[in-house]
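target.cif follows; it contains mmCIF, C-alpha atoms and all ligand atoms.
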```
data_protein
#
loop_
_atom_site.label_atom_id
_atom_site.label_comp_id
_atom_site.auth_asym_id
_atom_site.auth_seq_id
_atom_site.Cartn_x
_atom_site.Cartn_y
_atom_site.Cartn_z
CA MET A 8 34.42 32.07 52.06
CA PRO A 9 36.44 33.84 49.44
CA VAL A 10 35.69 36.64 47.03
CA SER A 11 35.94 35.53 43.40
CA ILE A 12 36.17 37.81 40.41
CA VAL A 13 35.07 36.75 36.93
CA VAL A 14 36.27 38.82 33.99
CA GLY A 15 36.40 38.39 30.23
CA ALA A 16 39.95 37.70 29.05
CA GLN A 17 39.34 38.68 25.41
CA TRP A 18 37.03 41.03 23.48
CA GLY A 19 33.87 40.06 25.34
CA ASP A 20 31.41 37.26 24.49
CA GLU A 21 33.71 34.66 26.03
CA GLY A 22 30.90 32.86 27.83
CA LYS A 23 31.00 34.68 31.16
CA GLY A 24 27.24 34.17 31.62
CA LYS A 25 27.65 30.41 31.73
CA ILE A 26 30.62 30.51 34.08
CA VAL A 27 28.87 32.92 36.46
CA ASP A 28 25.75 30.76 36.36
CA VAL A 29 27.86 27.77 37.41
CA LEU A 30 29.85 29.64 40.09
CA ALA A 31 26.76 31.35 41.46
CA GLN A 32 25.54 27.97 42.63
CA THR A 33 27.75 28.53 45.64
CA ALA A 34 27.68 32.33 45.76
CA ASP A 35 25.80 34.19 48.47
CA VAL A 36 26.17 37.50 46.67
CA ALA A 37 26.81 38.13 42.96
CA VAL A 38 27.73 41.67 41.94
CA ARG A 39 27.79 43.07 38.43
CA PHE A 40 30.40 45.83 38.52
CA ASN A 41 30.67 47.56 35.12
CA GLY A 42 29.10 48.22 31.72
CA GLY A 43 25.46 48.44 30.81
CA ASN A 44 23.04 46.78 28.47
CA ASN A 45 25.73 46.72 25.82
CA ALA A 46 26.52 43.36 27.42
CA GLY A 47 24.64 40.19 26.60
CA HIS A 48 25.21 37.12 28.72
CA THR A 49 23.64 33.93 27.41
CA VAL A 50 22.72 31.37 30.03
CA ILE A 51 21.31 27.89 29.39
CA ASN A 52 20.30 26.00 32.51
CA GLU A 53 17.42 23.91 33.91
CA ASP A 54 15.22 27.03 33.79
CA GLY A 55 15.71 27.47 30.01
CA GLN A 56 17.75 29.79 27.81
CA TYR A 57 18.14 33.47 28.68
CA ALA A 58 20.01 36.49 27.36
CA LEU A 59 20.81 38.74 30.31
CA HIS A 60 22.05 42.28 29.86
CA LEU A 61 22.08 43.98 33.25
CA ILE A 62 21.13 41.38 35.83
CA SER A 63 23.77 38.94 37.06
CA ALA A 64 23.47 35.33 35.96
CA GLY A 65 23.42 34.62 39.71
CA ILE A 66 19.67 35.39 39.61
CA PHE A 67 19.00 31.72 38.76
CA ASN A 68 20.24 30.67 42.18
CA HIS A 69 17.33 31.81 44.30
CA GLN A 70 19.50 32.07 47.41
CA THR A 71 21.92 34.53 45.80
CA ILE A 72 21.64 38.28 46.29
CA CYS A 73 22.25 39.84 42.86
CA ILE A 74 23.55 43.38 42.96
CA ILE A 75 23.82 45.96 40.20
CA GLU A 76 26.64 48.11 41.58
CA ARG A 77 27.63 51.75 41.13
CA GLY A 78 29.93 51.14 38.16
CA VAL A 79 27.07 49.90 35.99
CA VAL A 80 25.10 52.28 33.77
CA VAL A 81 21.44 51.32 33.86
CA HIS A 82 18.94 51.91 31.07
CA PRO A 83 15.74 51.71 33.14
CA PRO A 84 13.35 50.66 30.33
CA SER A 85 15.70 47.79 29.39
CA LEU A 86 16.11 46.75 33.01
CA MET A 87 12.33 46.72 33.37
CA GLU A 88 12.00 44.51 30.27
CA GLU A 89 14.65 42.13 31.59
CA MET A 90 12.88 41.96 34.96
CA LYS A 91 9.52 41.29 33.30
CA LEU A 92 11.02 38.56 31.15
CA LEU A 93 12.46 36.78 34.17
CA LEU A 94 9.28 37.20 36.23
CA ASN A 95 7.11 35.91 33.38
CA ARG A 96 9.21 32.79 33.28
CA GLY A 97 8.91 32.22 37.00
CA ILE A 98 12.35 33.45 38.07
CA SER A 99 12.21 35.21 41.42
CA LEU A 100 13.70 38.69 41.66
CA LYS A 101 13.70 38.63 45.45
CA GLY A 102 17.49 38.80 45.51
CA LEU A 103 17.83 41.72 43.06
CA LYS A 104 19.34 44.91 44.55
CA ILE A 105 20.32 48.08 42.73
CA SER A 106 22.86 50.62 43.92
CA PRO A 107 21.48 54.18 44.30
CA SER A 108 24.82 55.41 42.91
CA ALA A 109 24.54 53.67 39.54
CA HIS A 110 24.07 56.07 36.65
CA ILE A 111 21.11 56.10 34.29
CA VAL A 112 21.32 55.83 30.51
CA MET A 113 18.94 58.36 28.96
CA PRO A 114 17.56 58.60 25.41
CA TRP A 115 19.88 61.55 24.72
CA HIS A 116 22.84 59.26 25.39
CA ILE A 117 21.54 56.81 22.84
CA ALA A 118 20.88 59.63 20.35
CA GLU A 119 24.42 60.90 20.80
CA ASP A 120 25.93 57.43 20.42
CA GLN A 121 23.98 56.99 17.18
CA GLY A 122 24.93 60.46 15.96
CA LYS A 123 28.62 59.89 16.58
CA GLU A 124 28.64 56.41 15.09
CA SER A 125 27.16 57.78 11.88
CA GLY A 126 30.45 59.69 11.55
CA VAL A 127 33.78 58.07 12.47
CA ALA A 128 32.63 54.72 13.82
CA ILE A 129 34.04 52.61 16.67
CA GLY A 130 31.29 50.07 16.07
CA THR A 131 29.55 50.58 19.42
CA THR A 132 26.41 48.75 20.41
CA LEU A 133 24.50 52.07 20.04
CA ARG A 134 23.16 51.70 23.59
CA GLY A 135 24.32 55.12 24.76
CA ILE A 136 26.99 53.65 27.02
CA GLY A 137 29.87 56.01 26.12
CA PRO A 138 27.84 59.24 26.39
CA CYS A 139 26.38 58.11 29.74
CA TYR A 140 29.82 57.47 31.23
CA GLN A 141 30.92 60.82 29.77
CA ASP A 142 28.14 62.56 31.70
CA LYS A 143 29.01 60.59 34.84
CA VAL A 144 32.55 61.92 34.78
CA GLY A 145 31.45 65.33 33.46
CA ARG A 146 28.87 65.57 36.32
CA TRP A 147 26.63 68.36 35.05
CA PHE A 148 23.91 66.35 33.32
CA ALA A 149 24.33 63.01 35.03
CA ILE A 150 21.33 61.24 36.56
CA ARG A 151 21.67 58.45 39.08
CA ILE A 152 19.32 55.74 40.30
CA GLU A 153 18.92 57.65 43.59
CA ASP A 154 17.48 60.57 41.62
CA MET A 155 14.49 58.37 40.77
CA GLN A 156 13.46 57.93 44.37
CA ASP A 157 11.42 61.14 44.71
CA LYS A 158 8.92 61.23 41.84
CA GLN A 159 8.53 65.01 41.67
CA LEU A 160 12.26 65.64 41.89
CA PHE A 161 12.90 63.01 39.22
CA PHE A 162 10.33 64.58 36.96
CA GLY A 163 12.00 67.98 37.42
CA ILE A 164 15.46 66.56 36.65
CA LEU A 165 14.12 64.89 33.50
CA GLU A 166 12.54 68.14 32.35
CA THR A 167 15.56 70.39 32.84
CA THR A 168 18.08 67.87 31.56
CA TYR A 169 15.98 67.13 28.49
CA ALA A 170 15.89 70.83 27.55
CA ALA A 171 19.64 71.23 27.99
CA LYS A 172 20.50 68.02 26.17
CA LYS A 173 18.20 68.76 23.27
CA GLN A 174 19.99 72.03 22.74
CA GLU A 175 23.40 70.40 23.10
CA LEU A 176 22.55 67.66 20.62
CA HIS A 177 21.26 70.12 18.03
CA ALA A 178 24.50 72.05 18.34
CA LYS A 179 26.61 68.89 18.03
CA PHE A 180 24.64 67.43 15.15
CA PRO A 181 23.33 70.42 13.17
CA ASP A 182 22.39 68.24 10.20
CA GLY A 183 19.68 66.67 12.39
CA ASN A 184 21.22 63.22 12.16
CA ILE A 185 19.86 62.15 15.56
CA ARG A 186 16.68 60.62 16.90
CA LEU A 187 15.67 62.02 20.27
CA PRO A 188 12.12 61.05 21.36
CA ASP A 189 9.82 63.85 22.55
CA PHE A 190 9.73 64.65 26.25
CA GLU A 191 6.34 63.07 26.90
CA THR A 192 7.49 59.72 25.49
CA ILE A 193 10.59 59.78 27.66
CA ARG A 194 8.67 60.81 30.76
CA THR A 195 6.12 58.03 30.33
CA SER A 196 8.65 55.28 29.77
CA TYR A 197 11.00 56.36 32.57
CA LEU A 198 8.21 56.82 35.09
CA GLU A 199 6.89 53.37 34.25
CA ALA A 200 10.36 51.86 34.64
CA ARG A 201 10.76 53.78 37.91
CA GLU A 202 7.77 51.94 39.43
CA TYR A 203 9.43 48.62 38.61
CA ILE A 204 12.87 49.54 39.82
CA LEU A 205 12.03 51.44 43.02
CA PRO A 206 11.50 48.43 45.33
CA TYR A 207 14.91 47.04 44.40
CA ILE A 208 17.02 50.09 45.26
CA ALA A 209 19.08 49.24 48.34
CA ASN A 210 22.20 50.14 50.26
CA THR A 211 24.28 47.67 48.34
CA THR A 212 27.56 48.81 49.89
CA SER A 213 26.32 47.72 53.33
CA LEU A 214 25.00 44.47 51.90
CA ILE A 215 28.43 43.63 50.50
CA ARG A 216 30.23 44.65 53.67
CA ARG A 217 27.92 42.56 55.83
CA ALA A 218 28.40 39.57 53.55
CA LEU A 219 32.19 39.95 53.79
CA ALA A 220 32.03 40.25 57.56
CA LYS A 221 30.12 36.96 57.69
CA LYS A 222 32.70 35.33 55.37
CA LYS A 223 30.09 34.75 52.67
CA HIS A 224 31.06 33.90 49.11
CA VAL A 225 30.92 37.10 47.06
CA LEU A 226 31.22 36.85 43.29
CA LEU A 227 32.18 39.97 41.34
CA GLU A 228 31.07 39.75 37.73
CA GLY A 229 32.54 41.86 34.94
CA ALA A 230 31.01 42.63 31.58
CA GLN A 231 32.77 42.89 28.21
CA GLY A 232 36.42 41.81 28.21
CA THR A 233 39.96 42.85 29.05
CA LEU A 234 40.79 43.93 25.51
CA LEU A 235 37.81 46.32 25.59
CA ASP A 236 38.93 48.01 28.82
CA VAL A 237 39.04 51.79 28.41
CA ASP A 238 42.56 51.96 29.90
CA TYR A 239 44.06 48.54 29.14
CA GLY A 240 42.27 47.62 25.90
CA SER A 241 42.81 48.32 22.21
CA TYR A 242 42.00 52.02 22.56
CA PRO A 243 40.02 53.74 21.04
CA TYR A 244 38.18 50.58 19.94
CA VAL A 245 37.09 49.84 23.47
CA THR A 246 34.08 50.30 25.71
CA SER A 247 33.83 53.20 28.17
CA SER A 248 34.34 51.35 31.43
CA ASN A 249 37.09 49.41 33.15
CA THR A 250 36.56 45.74 32.58
CA VAL A 251 39.65 44.35 34.33
CA SER A 252 39.80 42.68 37.73
CA MET A 253 41.21 45.72 39.52
CA ALA A 254 38.01 47.60 38.66
CA ALA A 255 35.98 44.93 40.45
CA CYS A 256 37.33 45.98 43.85
CA LEU A 257 37.19 49.69 43.08
CA LEU A 258 33.57 49.60 41.96
CA THR A 259 32.23 47.32 44.68
CA GLY A 260 34.23 48.45 47.70
CA VAL A 261 35.62 44.96 48.24
CA PRO A 262 39.12 45.17 49.76
CA PHE A 263 41.85 43.57 47.62
CA ARG A 264 42.92 41.30 50.46
CA GLU A 265 39.52 39.54 50.42
CA VAL A 266 40.01 38.29 46.84
CA ARG A 267 40.95 34.61 46.55
CA ALA A 268 40.28 33.77 42.90
CA ILE A 269 40.42 35.82 39.70
CA ILE A 270 38.91 33.81 36.90
CA GLY A 271 39.46 34.92 33.32
CA VAL A 272 36.99 33.53 30.83
CA ALA A 273 38.55 32.84 27.43
CA LYS A 274 37.01 31.29 24.37
CA ALA A 275 39.03 28.53 22.66
CA TYR A 276 39.07 30.79 19.59
CA LEU A 277 38.64 34.56 19.40
CA THR A 278 35.74 36.77 18.44
CA ARG A 279 35.21 40.47 18.26
CA VAL A 280 32.29 42.72 17.35
CA GLY A 281 32.71 46.29 16.23
CA GLY A 282 35.81 47.85 14.73
CA GLY A 283 39.44 47.71 15.80
CA PRO A 284 42.58 45.62 15.39
CA PHE A 285 42.33 41.84 15.43
CA PRO A 286 45.67 40.23 14.52
CA THR A 287 44.41 36.64 14.28
CA GLU A 288 41.16 37.37 12.44
CA ILE A 289 40.59 34.53 9.98
CA ASP A 290 40.56 35.29 6.30
CA GLY A 291 39.10 32.07 4.99
CA PRO A 292 36.22 29.58 5.25
CA GLU A 293 36.95 28.76 8.91
CA GLN A 294 35.67 32.25 9.82
CA ASN A 295 32.21 31.26 8.65
CA MET A 296 32.39 27.74 10.04
CA LEU A 297 33.21 29.02 13.52
CA ARG A 298 30.55 31.72 13.31
CA GLU A 299 27.82 29.27 12.37
CA ALA A 300 28.89 26.39 14.61
CA GLY A 301 29.44 28.69 17.57
CA ARG A 302 26.38 30.88 16.82
CA GLU A 303 28.68 33.86 16.90
CA TYR A 304 26.14 36.64 16.63
CA GLY A 305 25.92 39.43 19.21
CA ALA A 306 23.49 38.63 22.06
CA THR A 307 22.66 42.35 22.26
CA THR A 308 22.74 43.59 18.68
CA GLY A 309 22.61 40.39 16.60
CA ARG A 310 25.69 41.56 14.68
CA PRO A 311 27.85 38.79 13.19
CA ARG A 312 31.03 38.47 15.25
CA ARG A 313 34.44 38.52 13.60
CA CYS A 314 36.17 35.21 14.28
CA GLY A 315 39.86 34.42 14.67
CA TRP A 316 42.38 31.99 16.13
CA MET A 317 43.48 31.82 19.75
CA ASP A 318 46.05 34.57 20.31
CA LEU A 319 48.39 33.49 23.11
CA PRO A 320 50.33 36.77 23.40
CA LEU A 321 47.01 38.56 23.96
CA LEU A 322 45.81 35.95 26.43
CA ARG A 323 49.05 36.21 28.36
CA TYR A 324 48.59 39.98 28.41
CA ALA A 325 45.09 39.47 29.85
CA CYS A 326 46.50 37.11 32.50
CA MET A 327 49.01 39.77 33.45
CA VAL A 328 46.74 42.82 33.67
CA ASN A 329 44.06 40.91 35.57
CA ASP A 330 46.50 38.88 37.67
CA LEU A 331 44.42 35.83 36.77
CA THR A 332 44.63 32.88 39.11
CA GLU A 333 42.76 30.61 36.72
CA ILE A 334 41.29 30.42 33.24
CA ALA A 335 37.84 29.16 32.25
CA LEU A 336 38.15 27.95 28.68
CA THR A 337 34.89 27.88 26.73
CA LYS A 338 33.64 26.48 23.42
CA MET A 339 36.26 23.74 23.18
CA ASP A 340 33.51 21.63 21.59
CA ILE A 341 33.07 24.14 18.76
CA LEU A 342 36.75 24.63 17.91
CA GLY A 343 37.33 20.88 17.86
CA LEU A 344 34.94 20.53 14.91
CA LEU A 345 37.47 22.10 12.52
CA ASP A 346 39.88 19.82 10.65
CA THR A 347 42.83 22.15 11.12
CA ILE A 348 43.31 24.63 13.94
CA LYS A 349 45.85 27.40 14.20
CA ILE A 350 47.22 28.93 17.40
CA CYS A 351 49.10 32.22 17.41
CA ASN A 352 52.04 31.63 19.73
CA SER A 353 53.98 34.79 18.92
CA TYR A 354 54.11 37.95 16.84
CA LYS A 355 56.96 38.62 14.47
CA GLY A 356 59.72 40.32 16.46
CA LEU A 357 57.97 39.93 19.84
CA ASN A 358 60.24 39.24 22.78
CA ARG A 359 58.42 36.21 24.11
CA GLU A 360 59.96 36.46 27.55
CA GLU A 361 58.61 39.97 28.02
CA GLY A 362 55.33 39.55 26.15
CA LEU A 363 53.09 42.50 25.34
CA ALA A 364 53.41 45.45 27.69
CA ASP A 365 50.43 47.25 26.14
CA LEU A 366 48.17 47.07 23.12
CA ARG A 367 49.50 50.00 21.09
CA ASN A 368 50.05 49.28 17.39
CA LEU A 369 48.19 46.00 17.63
CA ASP A 370 47.06 46.40 14.02
CA ALA A 371 50.71 46.28 12.90
CA LYS A 372 51.44 42.88 14.49
CA THR A 373 52.11 39.84 12.33
CA PRO A 374 51.01 36.66 14.09
CA GLU A 375 53.11 33.50 13.96
CA TYR A 376 51.12 30.30 14.09
CA ILE A 377 51.49 26.68 14.99
CA THR A 378 48.98 24.22 13.58
CA THR A 379 47.14 21.32 15.12
CA GLN A 380 44.19 19.09 14.23
CA GLY A 381 40.59 19.22 15.41
CA TRP A 382 39.69 16.75 18.15
CA GLY A 383 36.07 16.06 17.18
CA SER A 384 33.21 15.61 19.58
CA LEU A 385 33.68 16.11 23.31
CA GLU A 386 30.24 14.83 24.20
CA GLY A 387 30.09 12.89 27.41
CA CYS A 388 33.58 13.85 28.65
CA ARG A 389 33.40 14.37 32.41
CA PHE A 390 37.06 14.75 33.32
CA ARG A 391 40.00 16.46 31.70
CA SER A 392 41.65 13.04 31.35
CA GLU A 393 38.70 11.88 29.24
CA LEU A 394 39.26 14.60 26.62
CA PRO A 395 40.91 13.54 23.36
CA GLU A 396 44.70 13.93 23.47
CA LEU A 397 44.63 16.74 20.90
CA ALA A 398 42.27 18.74 23.10
CA GLN A 399 44.40 18.09 26.18
CA ASN A 400 47.48 19.25 24.29
CA TYR A 401 45.71 22.43 23.21
CA ILE A 402 44.90 23.23 26.84
CA LYS A 403 48.44 22.42 27.95
CA LYS A 404 49.80 24.86 25.37
CA ILE A 405 47.64 27.62 26.80
CA GLU A 406 48.77 26.84 30.33
CA ALA A 407 52.42 26.63 29.35
CA TYR A 408 52.33 29.96 27.52
CA THR A 409 50.35 31.91 30.10
CA GLY A 410 51.54 30.21 33.27
CA VAL A 411 47.91 30.10 34.45
CA ARG A 412 45.96 26.91 35.12
CA VAL A 413 42.87 26.17 33.01
CA HIS A 414 40.47 25.38 35.83
CA TYR A 415 37.19 25.08 33.93
CA ILE A 416 36.67 23.63 30.46
CA SER A 417 33.31 24.27 28.88
CA ILE A 418 32.30 21.64 26.31
CA GLY A 419 28.73 22.75 25.51
CA GLY A 420 26.17 25.44 26.22
CA LYS A 421 24.36 23.71 29.08
CA ARG A 422 25.21 24.14 32.75
CA LYS A 423 26.33 20.52 33.13
CA GLU A 424 28.61 20.62 30.10
CA ILE A 425 31.61 21.80 32.01
CA ILE A 426 34.71 20.09 33.38
CA ALA A 427 35.98 21.60 36.61
CA LEU A 428 39.30 20.58 38.10
P1 LIG B 1 29.96 50.32 23.51
O1 LIG B 1 30.32 49.62 24.77
O2 LIG B 1 28.54 50.09 23.08
O3 LIG B 1 30.33 51.78 23.52
O4 LIG B 1 30.85 49.69 22.33
C1 LIG B 1 32.25 49.84 22.27
C2 LIG B 1 32.92 48.58 21.74
O5 LIG B 1 32.75 47.53 22.68
C3 LIG B 1 32.31 48.06 20.44
O6 LIG B 1 33.33 47.45 19.67
C4 LIG B 1 31.33 47.01 20.90
O7 LIG B 1 31.07 46.05 19.91
C5 LIG B 1 32.10 46.42 22.07
N1 LIG B 1 31.23 45.81 23.08
C6 LIG B 1 30.50 46.42 24.03
N2 LIG B 1 29.87 45.52 24.79
C7 LIG B 1 30.22 44.31 24.33
C8 LIG B 1 29.91 42.97 24.74
O8 LIG B 1 29.19 42.72 25.70
N3 LIG B 1 30.47 41.98 24.00
C9 LIG B 1 31.31 42.23 22.96
N4 LIG B 1 31.63 43.45 22.56
C10 LIG B 1 31.09 44.49 23.24
#
```

structure tokens encoding of this file:
Amino acid sequence: MPVSIVVGAQWGDEGKGKIVDVLAQTADVAVRFNGGNNAGHTVINEDGQYALHLISAGIFNHQTICIIERGVVVHPPSLMEEMKLLLNRGISLKGLKISPSAHIVMPWHIAEDQGKESGVAIGTTLRGIGPCYQDKVGRWFAIRIEDMQDKQLFFGILETTYAAKKQELHAKFPDGNIRLPDFETIRTSYLEAREYILPYIANTTSLIRRALAKKKHVLLEGAQGTLLDVDYGSYPYVTSSNTVSMAACLLTGVPFREVRAIIGVAKAYLTRVGGGPFPTEIDGPEQNMLREAGREYGATTGRPRRCGWMDLPLLRYACMVNDLTEIALTKMDILGLLDTIKICNSYKGLNREEGLADLRNLDAKTPEYITTQGWGSLEGCRFRSELPELAQNYIKKIEAYTGVRVHYISIGGKRKEIIAL
């Protein structure tokens, strides 16, 4: 069986949770490969509605092994809460496995994120993600899941790192504009979370290799989206990890040659949370209509998402940097409710043959639009051929521009509301 990679093709919140939930029905192993609890994946299936942050949506298939791999930064108290929530609702965590090499988000990372955002803001989720990745690469104050295994050692690491970080934070933010809990509070909450997490730490690298050797279906699940990638996104308004498909192999140890499908999830319109350029952001009533109809509020922070029109040059860029083999197009039901729909099919002066080579100066781009009409309700459509002609034409435009087949069309929040080719 092949390895499939699922990545966001836009600025995150494309509906990856739903697509992974659907694909995980046939996955033996699902691996989350990047990001932390800055992500929020909403899943609606027979078990109910869930907002997952760290655990793969594959957890709803009780046969699937769900791995949190080394590229993820784990906030143990949040992971514990997520685990409790699932357990309380009868979802088994038998398949959950956590890499010992994953890094831990500490309260000082959150304090630093908050301190920095109170100055020049990127609009982060304030979850400490950037400072944790900084420490991972910086190495001196980093703490990994494996450091939790020995209680006394872990306690010692917490104590020494807390002292050093407290000093560092006071030096960085002399006006006291940070909120670092006292040591005892941190110790209590991290030791409690440790008890929860400990049984799930496993040699995930071997698990993946064994699955590949047995030709099992391995699903690699990204968080955030291509345009938030630290190297390929709209820097500096990006997250601190690599979100693109190439990172999936790097961070899971899966050889490139095993990959059969790279699925980019794209919403039928665009959204973005936080700061940064957004050429097709809507300046008009449709912004609000899309936000309300599509419930476009952050699953992690509750922030209202900025809404805009489909940007084909950006989507083509995402197809290129991820080498997408297929697109999963979501929220076609929501976009179709508008009377008039715009699609950005070029930027002024853009060489359409070449497309975008990178995302520099994105804020200076002037989008050029074509206009179409809304297609109304998609309820009950089971095949692509049953979609209204206007909706079919919209999809064809995307395929023609990007050269990538739209393989899944999501027409509602529920698991069944999807058309697969
Ligand atoms: P950070 O990842 O919290 O540092 O935030 C950096 C940027 O990425 C901000 O613009 C966030 O809003 C954005 N971001 C991070 N995670 C997500 C996500 O899961 N969905 C959408 N945007 C995200």

(request) Find the residue from A:Tyr276, A:Phe67, A:Tyr57, A:Phe190 that sits nearest to Arg312 (chain A); use all atoms listed in the file when measuring. (result) A:Tyr276

(request) Around the point (39.0, 30.9, 17.7) in the file's coordinates, collect all residues with an atom within 10 Å, using only C-alpha atoms, and return them as a list in words. (result) Ala273, Lys274, Ala275, Tyr276, Leu277, Thr278, Thr287, Glu288, Ile289, Glu293, Gln294, Leu297, Arg298, Gly301, Arg313, Cys314, Gly315, Trp316, Met317, Asp318, Lys338, Met339, Ile341, Leu342, Ile348, Lys349 and Ile350 of chain A

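When all atoms listed in the file are used to compute distances to ligand LIG 1 (chain B), the closest of the residues A:Leu160, A:Ala230, A:Ala64, A:Ala37 turns out to be A:Ala230.
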
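Rounded to one decimal, CA of Pro114 (chain A) and CA of Gly305 (chain A) lie 21.8 Å from each other.
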
(request) Throw together the list of residues within 7 Å of ligand LIG 1 (chain B), counting only C-alpha atoms and all ligand atoms, and drop it here as JSON, numbers by chain. (result) {"A": [18, 19, 20, 45, 46, 47, 129, 130, 131, 132, 133, 134, 135, 136, 137, 230, 231, 235, 244, 245, 246, 247, 279, 280, 281, 282]}

(request) Please identify all polymer residues lying at most 7 Å from the point (22.4, 46.4, 43.4) (file coordinates), using all atoms listed in the file, and present the result as a PyMOL selection string. (result) chain A and resi 73-76+103-106+208-209+211

(request) Skip Asn368 (chain A) itself and residues of its chain fewer than 6 positions away, then list as a ChimeraX atom specification all residues within 12 Å of it, counting all atoms listed in the file. (result) /A:240-243,283-286

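Nearest to Ala407 (chain A) of all the residues A:Pro320, A:Ser248, A:Arg389, A:Ile426 is A:Pro320, counting only C-alpha atoms.
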
(message) Give me the residues near Lys223 (chain A) as a PyMOL selection string, where near means some atom within 10 Å (using all atoms listed in the file) and where sequence neighbours in that chain fewer than 4 positions away do not count.
(response) chain A and resi 8-10+33-36+215-219

(message) Quick check, in Å to one decimal: how far apart do CA of Arg267 (chain A) and CA of Ala398 (chain A) lie?
(response) 28.3 Å

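With only C-alpha atoms as the atoms that count, the residue of A:Pro262, A:Gly271, A:Gly122, A:Gly183 with the shortest distance to Glu228 (chain A) is A:Gly271.
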